[in-house]
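Raw final_6.cif, mmCIF, C-alpha atoms and all ligand atoms:
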data_run
loop_
_atom_site.label_atom_id
_atom_site.label_comp_id
_atom_site.auth_asym_id
_atom_site.auth_seq_id
_atom_site.Cartn_x
_atom_site.Cartn_y
_atom_site.Cartn_z
CA MET A 268 77.43 -66.44 14.66
CA ASP A 269 73.83 -66.08 15.80
CA GLN A 270 72.98 -64.28 19.05
CA VAL A 271 72.42 -67.37 21.19
CA SER A 272 75.60 -69.12 20.11
CA GLU A 273 77.61 -66.00 20.80
CA LEU A 274 76.06 -65.59 24.27
CA LEU A 275 76.61 -69.25 25.16
CA GLU A 276 80.23 -68.94 24.13
CA ARG A 277 80.61 -65.90 26.40
CA ASN A 278 78.95 -67.92 29.20
CA SER A 279 81.50 -70.69 28.78
CA ARG A 280 84.32 -68.18 29.26
CA PHE A 281 82.54 -66.75 32.33
CA ALA A 282 81.99 -70.19 33.90
CA GLU A 283 85.64 -71.07 33.40
CA SER A 284 87.25 -67.85 34.63
CA ASP A 285 84.90 -65.60 36.64
CA HIS A 286 82.28 -67.75 38.30
CA GLU A 287 82.21 -68.18 42.07
CA GLU A 288 79.48 -69.43 44.40
CA LEU A 289 77.68 -66.60 46.17
CA PRO A 290 75.47 -66.26 49.27
CA PHE A 291 71.70 -66.37 48.75
CA LEU A 292 71.04 -62.79 49.93
CA PRO A 293 72.63 -59.83 48.09
CA ARG A 294 75.69 -58.34 49.80
CA LEU A 295 74.64 -54.66 49.47
CA ARG A 296 71.11 -55.36 50.73
CA ALA A 297 69.77 -53.40 47.80
CA LEU A 298 67.30 -53.70 44.96
CA VAL A 299 67.58 -51.56 41.85
CA LEU A 300 64.50 -50.91 39.73
CA THR A 301 65.42 -49.42 36.40
CA CYS A 302 64.47 -49.32 32.74
CA ALA A 303 64.94 -52.26 30.37
CA ASP A 304 66.82 -49.82 28.08
CA HIS A 305 70.16 -51.30 26.95
CA ARG A 306 71.95 -48.05 27.82
CA VAL A 307 71.14 -48.13 31.53
CA ASP A 308 72.36 -51.54 32.69
CA PRO A 309 73.02 -51.03 36.43
CA ALA A 310 75.88 -53.55 36.32
CA LYS A 311 77.70 -50.99 34.18
CA VAL A 312 76.37 -47.57 35.18
CA LEU A 313 76.28 -48.29 38.94
CA GLY A 314 79.14 -50.77 38.84
CA LEU A 315 77.09 -53.56 40.38
CA GLU A 316 78.95 -56.84 40.73
CA LEU A 317 77.40 -60.29 40.82
CA GLY A 318 75.98 -61.02 44.25
CA GLU A 319 75.54 -57.36 45.27
CA ALA A 320 71.95 -56.39 44.48
CA LEU A 321 68.64 -57.56 43.14
CA VAL A 322 67.58 -55.92 39.89
CA ILE A 323 64.12 -55.48 38.38
CA ARG A 324 63.88 -53.88 34.96
CA ASN A 325 60.79 -52.83 33.06
CA GLY A 326 59.73 -50.17 30.58
CA GLY A 327 60.73 -46.85 32.19
CA GLY A 328 61.94 -48.36 35.46
CA ARG A 329 58.54 -47.46 36.89
CA ILE A 330 56.57 -48.57 39.91
CA THR A 331 53.60 -50.51 38.50
CA PRO A 332 51.19 -53.02 40.06
CA ALA A 333 53.38 -55.79 38.59
CA VAL A 334 56.45 -54.35 40.35
CA ILE A 335 54.58 -54.14 43.66
CA GLN A 336 53.69 -57.84 43.23
CA ASN A 337 57.34 -58.60 42.50
CA LEU A 338 58.52 -56.74 45.59
CA ALA A 339 56.07 -58.66 47.79
CA MET A 340 57.17 -61.96 46.27
CA LEU A 341 60.87 -61.15 46.70
CA ALA A 342 60.29 -60.06 50.31
CA ALA A 343 58.63 -63.44 50.96
CA VAL A 344 61.62 -65.22 49.38
CA ALA A 345 64.10 -63.17 51.46
CA ALA A 346 62.13 -63.98 54.61
CA THR A 347 62.78 -67.70 54.07
CA GLU A 348 66.46 -66.89 54.65
CA GLY A 349 65.76 -64.59 57.59
CA GLY A 350 66.11 -61.45 55.48
CA SER A 351 64.07 -58.41 56.55
CA SER A 352 63.26 -55.05 54.97
CA GLU A 353 65.02 -53.24 57.84
CA GLY A 354 67.86 -51.21 56.30
CA PHE A 355 67.13 -52.57 52.83
CA GLU A 356 67.74 -49.98 50.11
CA LEU A 357 65.37 -49.72 47.16
CA ILE A 358 66.87 -47.66 44.33
CA LEU A 359 64.60 -46.33 41.61
CA MET A 360 66.56 -45.21 38.57
CA GLN A 361 64.78 -43.59 35.65
CA HIS A 362 66.67 -41.97 32.79
CA THR A 363 66.71 -39.25 30.17
CA ASP A 364 65.64 -40.03 26.58
CA CYS A 365 63.55 -42.97 27.82
CA GLY A 366 61.41 -44.69 25.21
CA VAL A 367 58.41 -44.49 27.53
CA HIS A 368 58.60 -40.65 27.37
CA ARG A 369 57.50 -40.99 23.73
CA LEU A 370 54.20 -42.54 24.82
CA ALA A 371 53.13 -39.54 26.91
CA GLY A 372 50.59 -38.28 24.35
CA PRO A 373 46.82 -38.82 24.64
CA GLU A 374 46.85 -41.54 21.96
CA HIS A 375 48.72 -43.85 24.36
CA ALA A 376 46.81 -42.93 27.53
CA ASP A 377 44.86 -46.22 27.59
CA ALA A 378 48.00 -48.36 27.32
CA LEU A 379 49.95 -46.34 29.89
CA GLY A 380 46.96 -46.28 32.23
CA ALA A 381 46.81 -50.07 32.12
CA TYR A 382 50.57 -50.24 32.71
CA PHE A 383 50.45 -47.95 35.75
CA GLY A 384 47.16 -49.33 37.04
CA VAL A 385 45.37 -45.97 36.78
CA SER A 386 42.66 -44.53 34.55
CA PRO A 387 43.71 -42.88 31.25
CA GLU A 388 42.77 -39.51 32.81
CA GLU A 389 45.26 -40.09 35.64
CA VAL A 390 48.26 -41.00 33.45
CA ALA A 391 49.59 -37.42 33.42
CA GLU A 392 49.92 -37.59 37.23
CA LYS A 393 52.49 -40.36 36.71
CA ALA A 394 54.76 -37.90 34.86
CA PRO A 395 55.35 -40.37 32.01
CA ASP A 396 57.70 -37.95 30.20
CA ASP A 397 59.70 -36.50 33.11
CA PRO A 398 62.19 -38.78 34.91
CA HIS A 399 62.81 -36.33 37.78
CA GLU A 400 59.11 -35.98 38.55
CA GLY A 401 58.66 -39.68 37.72
CA VAL A 402 60.94 -40.89 40.53
CA ARG A 403 59.27 -38.48 42.99
CA VAL A 404 55.82 -39.76 41.98
CA ASP A 405 56.98 -43.38 42.30
CA ILE A 406 58.47 -42.81 45.77
CA GLU A 407 55.15 -41.28 46.81
CA THR A 408 53.29 -44.27 45.33
CA LEU A 409 55.43 -46.62 47.43
CA ALA A 410 54.97 -44.50 50.55
CA ASN A 411 51.19 -44.58 50.11
CA ASN A 412 51.01 -48.35 49.59
CA PRO A 413 50.59 -50.16 52.93
CA VAL A 414 51.82 -53.40 51.34
CA VAL A 415 55.30 -51.85 51.00
CA PRO A 416 57.27 -52.05 54.28
CA GLY A 417 57.82 -48.57 55.74
CA SER A 418 61.24 -49.59 57.09
CA LEU A 419 62.70 -49.67 53.57
CA SER A 420 64.98 -46.86 52.46
CA VAL A 421 64.03 -45.59 49.02
CA THR A 422 66.20 -43.50 46.72
CA GLY A 423 65.24 -41.93 43.39
CA LEU A 424 67.95 -41.39 40.78
CA VAL A 425 67.90 -39.99 37.27
CA TYR A 426 70.55 -41.31 34.90
CA ASP A 427 71.58 -39.04 32.05
CA VAL A 428 72.32 -41.11 28.94
CA LYS A 429 74.33 -38.19 27.46
CA THR A 430 76.77 -37.73 30.34
CA GLY A 431 76.67 -41.15 32.02
CA ARG A 432 75.97 -39.46 35.37
CA ALA A 433 73.29 -40.50 37.86
CA GLU A 434 71.76 -37.69 39.92
CA LEU A 435 70.18 -38.19 43.33
CA VAL A 436 66.67 -36.67 43.19
CA GLU A 437 65.15 -37.80 46.47
CA ARG A 438 65.87 -40.17 49.33
CA ARG A 439 63.54 -41.32 52.11
CA SER A 440 65.10 -43.34 54.89
CA PRO A 441 62.97 -44.88 56.19
CA LEU A 442 60.27 -44.72 53.54
CA ARG A 443 57.62 -44.10 56.19
CA GLU A 444 58.04 -42.79 59.73
CA THR A 445 56.38 -45.15 62.16
CA SER A 446 53.88 -43.28 64.26
ZN ZN A 501 63.89 -46.20 29.40
#

Could you write out this file's structure as structure tokens?
Amino acid sequence: MDQVSELLERNSRFAESDHEELPFLPRLRALVLTCADHRVDPAKVLGLELGEALVIRNGGGRITPAVIQNLAMLAAVAATEGGSSEGFELILMQHTDCGVHRLAGPEHADALGAYFGVSPEEVAEKAPDDPHEGVRVDIETLANNPVVPGSLSVTGLVYDVKTGRAELVERRSPLRETS
């Protein structure tokens, strides 16, 4: 059976046995940003159920200009239902043995710079090969971006693909103190 046929067959079983209608806004008031890597699916490793959280996945689970655009768009969508960023939890989860770590050398600095929206000389500051430093850098990037609501709570996790454990590296709640 080819991939699509197999997946559509699984969908038929889901629609018949597990599907239920869900509210528009996620029950946990949370968004998880993590890597596209098949080993770090938050539905499995964080036990997320349907209807509980928004999920954005990209290479590395990193904050990039594209992710910032996504967050702004999703905030606008949530606002149509009266949702606000107050008490909303943004969870950044990077992981060990990430494919992006392999691109940390100078030969990939142009590509990674474009990805992160920085110059090739600034790529090292993004800690492209260190998930612990990477989540700290990304939390700082969010905190320094006035487009991102300061009332968000932001948590940085590192998931270890060897042990299956996620470690809390940093949490800021709220992201920015209002002065
Ligand atoms: Zn990865």

Inset, instruction - With a distance cut-off of 12 Å and all atoms listed in the file, select the neighbouring residues of segment 311-322 of chain A, excluding the residue or stretch itself and same-chain residues fewer than 4 positions from it, and output the selection as number ranges by chain. - result: A: 281, 285-303, 305-307, 328, 334, 337-338, 341-342, 345, 355-360, 362, 424-428, 430-434

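The shortest atom-to-atom distance to ligand ZN 501 (chain A), with only C-alpha atoms and all ligand atoms taken into account, belongs to A:Cys365 out of A:Ala381, A:Cys365, A:Val414, A:Leu409.
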
Inset, instruction - Mind checking which residues fall within 10 Å of segment 388-391 of chain A, counting all atoms listed in the file, ignoring those fewer than 2 positions away in the same chain, and posting them as a PyMOL selection string? - result: chain A and resi 371-373+375-386+393-396

Legend entry - Point-to-point distance in Å for atom CA of Val404 of chain A and atom CA of Leu419 of chain A: 16.7 Å

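Ranking A:Gly366, A:Gly349, A:Gly354, A:Pro332 by their shortest atom-to-atom distance to ligand ZN 501 (chain A), with all atoms listed in the file included, puts A:Gly366 first.
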
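Between atom ZN of ligand ZN 501 (chain A) and atom CA of Leu370 of chain A the separation is 11.3 Å.
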
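If you measure from each of A:Ser440, A:Gln361, A:Thr347, A:Thr331 to ligand ZN 501 (chain A) using only C-alpha atoms and all ligand atoms, the closest one turns out to be A:Gln361.
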
Build an axis-aligned box that encloses every atom of segment 386-395 of chain A listed in the file, pad it by 6 Å on each side, and report its centre and edge lengths in Å to one decimal, as AutoDock Vina command-line options.
--center_x 49.0 --center_y -41.0 --center_z 34.2 --size_x 24.7 --size_y 19.1 --size_z 18.0

Legend entry - Of the listed residues A:Gly423, A:Pro398, A:Gly350, A:Pro387, that which approaches ligand ZN 501 (chain A) most closely, counting all atoms listed in the file: A:Pro398

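Of the listed residues A:Ala343, A:Val367, A:Leu275, A:Ala333, the one whose atoms come nearest to ligand ZN 501 (chain A) is A:Val367, with distances taken using all atoms listed in the file.
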
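Among A:Asp397, A:Glu374, A:Asp405, A:Asp304, the residue with the shortest atom-to-atom distance to ligand ZN 501 (chain A), counting only C-alpha atoms and all ligand atoms, is A:Asp304.
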
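From atom CA of Glu283 of chain A back to atom CA of Pro309 of chain A, the distance works out to 23.9 Å.
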